[in-house]
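Working notes for the structure below.
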Amino acid sequence: MLDQRSVFLEKAWEIVEQEPSVWDAIDVKDKAFYYKTDQEKIFLSSFKSRDLPLSPYSLTPLGKLLTKLSTLANIMSRRPGTEEVTFYVLHNSPQKGILGKKADKKMLKVAAPPLAWRRQQIREKIVEKVKGYTEKNESFFFLDIGSGAGFDSLEIERLIHRVNELSEHSFDKDYQSLNVDIDEKWLNNNKIVTEKLFGRNHHIVRENISIFNFWKNSQKIALERYDNLIISCNGFAEFLSDIELRKLYEEIFNFSQDFKGNVDIILPFANKNKEQETLGKKIGFQFKAKAKQEIIKMIEEIFINYKVTYVEKYSHIVMNIQKHID
């Protein structure tokens, strides 16, 4: 039989999970991203060609043409693996190129479903964990590696604030979200949106640093204060060499091994796909998808005695690696 606190929390979560997420507040106007609140629109980033960096790729003639025809192709060529790509795909509103919206619509039809599915899977796993912690009234630490604008940390704050508003029995345990990224602009956007939404009443911190340098200072984090640890590492596998990726996963393992409570690690990546590779070569995009069995083998070799599960769709895989204390 559920106690009174559990009943109140269950009802609150039923409401909160049906409400718009922070990603639903993304707006596009005049080739720029905004975060829309009840009071204002907060400027995030322009994706006009003049405001984007030069492409790190050596585009083929076909690639150069495609970036002129499709806004999505242009963003993907200039800011690969960044929030601009994610936000554009999630908003899913074709923008005009030199011949109208037709090419952009076709690009979105191909690119949007897999990236939107992957983003949703990550969000659902994080929400599932946070919901469980509030129900058990347990503390947690959330580490977002390559966080970009840190929307997962914003969503955690939104969820907990709303649950506390709706329930007579609030979640009062300690928790913290740490966003780690080398992109100063998007971390600053996280700071701006966080303060607009929550003022000083939040548990989000940021480090503008390479993840490989971050581990040197990670011992300073007082993890012993928390009952649970979540690590999300989205968008890395496709842009690292196999050596770099193994090193990253080994550092995540070492960081989580030192933690005495429950651990959940979320690692998404794109599986090798011959059609995508062929198209990428024709355009000049360098998308380093990984072979599924190679990644699984690497993870099982590194995360000894952890439970490894995954879901798969559209050649994308989201892995959940768990170490739970009985």
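Chain labels A, B, ... are given in the sequence in which chains occur in the structure tokens; within each chain residues are numbered consecutively from 1, and ligands are likewise numbered from 1 in the order shown.
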Task: Contacts of Leu248 of chain A at 10 Å (only C-alpha atoms; same-chain gap of 5+ positions) as number ranges by chain - done: A: 211-212, 215, 233, 236-237, 240, 242-243, 253-254
TODO: Determine which residues of segment 53-289 of chain A DSSP labels as alpha helix (DSSP H) from the backbone of this structure, then write them out as a ChimeraX atom specification.
DONE: /A:61-69,71-78,83-91,102-136,151-166,184-198,211-217,242-257,274-283
Please identify all polymer residues within 10 Å of segment 113-124 of chain A, counting only C-alpha atoms, omitting same-chain residues fewer than 6 positions from it, and present them as a CSV table (one decimal) with N, CA and C atoms, in the first residue's frame.
```csv
chain,number,residue,atom,x,y,z
A,21,SER,N,8.4,19.9,-22.3
A,21,SER,CA,9.8,19.9,-21.8
A,21,SER,C,10.5,21.2,-22.2
A,85,VAL,N,22.8,21.8,-34.5
A,85,VAL,CA,22.3,20.6,-35.3
A,85,VAL,C,21.1,20.0,-34.5
A,86,THR,N,21.3,19.8,-33.3
A,86,THR,CA,20.2,19.2,-32.5
A,86,THR,C,18.9,20.0,-32.4
A,87,PHE,N,19.1,21.3,-32.1
A,87,PHE,CA,17.9,22.2,-32.1
A,87,PHE,C,17.2,22.3,-33.4
A,89,VAL,N,17.1,20.1,-35.8
A,89,VAL,CA,16.4,18.8,-36.1
A,89,VAL,C,15.2,18.7,-35.2
A,90,LEU,N,15.3,19.1,-33.9
A,90,LEU,CA,14.1,18.9,-33.0
A,90,LEU,C,13.0,19.9,-33.4
A,91,HIS,N,13.4,21.1,-33.8
A,91,HIS,CA,12.3,22.1,-34.3
A,91,HIS,C,11.7,21.7,-35.6
A,92,ASN,N,12.5,21.1,-36.5
A,92,ASN,CA,12.0,20.4,-37.7
A,92,ASN,C,11.2,21.3,-38.5
A,130,VAL,N,15.5,10.3,-12.4
A,130,VAL,CA,15.2,11.4,-11.5
A,130,VAL,C,13.9,11.1,-10.8
A,151,PHE,N,20.7,21.3,-21.7
A,151,PHE,CA,19.2,21.3,-21.5
A,151,PHE,C,18.8,20.1,-20.7
A,152,ASP,N,19.6,19.0,-20.5
A,152,ASP,CA,19.2,18.0,-19.6
A,152,ASP,C,19.2,18.5,-18.2
A,155,GLU,N,16.1,20.5,-17.7
A,155,GLU,CA,15.0,19.7,-17.6
A,155,GLU,C,14.9,19.1,-16.2
A,156,ILE,N,16.0,18.7,-15.6
A,156,ILE,CA,16.0,18.1,-14.3
A,156,ILE,C,15.5,19.2,-13.3
A,232,SER,N,25.9,11.2,-18.4
A,232,SER,CA,25.4,11.2,-19.8
A,232,SER,C,26.6,11.8,-20.7
A,233,CYS,N,26.8,11.0,-21.8
A,233,CYS,CA,27.9,11.4,-22.7
A,233,CYS,C,27.4,11.3,-24.1
A,234,ASN,N,26.7,12.4,-24.5
A,234,ASN,CA,26.1,12.4,-25.8
A,234,ASN,C,26.9,13.1,-26.9
A,266,ILE,N,24.8,6.8,-19.5
A,266,ILE,CA,24.1,6.8,-20.8
A,266,ILE,C,25.1,7.1,-21.9
A,267,LEU,N,25.3,6.2,-22.8
A,267,LEU,CA,26.3,6.4,-23.9
A,267,LEU,C,25.6,6.1,-25.2
A,268,PRO,N,25.2,7.1,-25.9
A,268,PRO,CA,24.7,6.9,-27.3
A,268,PRO,C,25.7,7.0,-28.4
A,269,PHE,N,25.5,6.3,-29.5
A,269,PHE,CA,26.4,6.5,-30.6
A,269,PHE,C,25.7,6.0,-31.9
A,270,ALA,N,26.3,6.4,-33.0
A,270,ALA,CA,25.7,5.9,-34.3
A,270,ALA,C,26.5,4.7,-34.8
A,311,VAL,N,19.2,0.1,-26.4
A,311,VAL,CA,18.1,0.1,-27.4
A,311,VAL,C,18.6,0.7,-28.7
A,312,GLU,N,18.0,0.3,-29.8
A,312,GLU,CA,18.6,0.6,-31.1
A,312,GLU,C,17.5,0.9,-32.1
A,313,LYS,N,17.7,1.9,-32.9
A,313,LYS,CA,16.8,2.3,-34.0
A,313,LYS,C,17.5,3.3,-34.9
A,314,TYR,N,17.1,3.3,-36.2
A,314,TYR,CA,17.7,4.2,-37.2
A,314,TYR,C,19.2,4.1,-37.2
A,315,SER,N,19.8,3.0,-37.0
A,315,SER,CA,21.3,2.9,-36.9
A,315,SER,C,21.9,3.6,-35.8
A,316,HIS,N,21.1,4.1,-34.8
A,316,HIS,CA,21.6,4.7,-33.6
A,316,HIS,C,21.3,3.8,-32.4
A,317,ILE,N,22.3,3.8,-31.4
A,317,ILE,CA,22.2,3.0,-30.3
A,317,ILE,C,22.4,3.8,-29.0
A,318,VAL,N,21.5,3.6,-28.0
A,318,VAL,CA,21.7,4.3,-26.7
A,318,VAL,C,21.9,3.2,-25.7
A,319,MET,N,23.1,3.2,-25.1
A,319,MET,CA,23.5,2.2,-24.1
A,319,MET,C,23.3,2.7,-22.7
A,320,ASN,N,22.8,1.8,-21.9
A,320,ASN,CA,22.7,2.1,-20.4
A,320,ASN,C,23.6,1.2,-19.7
```
Task: Exercise: Gly150 of chain A partners within 8 Å, only C-alpha atoms, chain neighbours under 6 positions left out, as an NGL selection string - done: :A and (144 or 179 or 187 or 190)
TODO: Write out as a ChimeraX atom specification each polymer residue whose atoms come within 10 Å of Asn189 of chain A, counting only C-alpha atoms; drop sequence neighbours fewer than 5 positions from it.
DONE: /A:35,42-45,148-150,184,194-195
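Proximity of A:Leu245, A:Val193, A:Leu166, A:Leu72 to Met298 of chain A, computed with only C-alpha atoms, is greatest for A:Leu245.
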Open item on the list: For Glu250 of chain A, find every residue with an atom within 10 Å (counting only C-alpha atoms), except residues of its own chain fewer than 5 positions away, and show them as a count of residues only.
Closed with: 9
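Per DSSP on the backbone, strand (DSSP E or B) in segment 213-262 of chain A comprises A:Asn228, A:Leu229, A:Ile230, A:Ile231, A:Ser232, A:Cys233, A:Asn262.
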Restricting the output to C-alpha atoms, write the selected residues as an mmCIF file, in the first residue's frame.
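New file out21.cif:
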```cif
data_model
loop_
_atom_site.group_PDB
_atom_site.id
_atom_site.type_symbol
_atom_site.label_atom_id
_atom_site.label_comp_id
_atom_site.auth_asym_id
_atom_site.auth_seq_id
_atom_site.Cartn_x
_atom_site.Cartn_y
_atom_site.Cartn_z
ATOM 1 C CA ASN A 228 23.131 8.099 -6.939
ATOM 2 C CA LEU A 229 25.267 9.077 -9.928
ATOM 3 C CA ILE A 230 24.093 9.653 -13.516
ATOM 4 C CA ILE A 231 26.592 10.235 -16.325
ATOM 5 C CA SER A 232 25.442 11.245 -19.790
ATOM 6 C CA CYS A 233 27.946 11.420 -22.650
ATOM 7 C CA ASN A 262 24.162 3.456 -7.642
#
```
Open item on the list: Using only C-alpha atoms for the distances, tell me which of A:Glu165, A:Asp181, A:Asp38, A:Asp258 is nearest to Glu224 of chain A.
Closed with: A:Asp258
Task: Atom pair atom CA of His161 of chain A / atom CA of Phe141 of chain A: separation (Å) - done: 16.5 Å
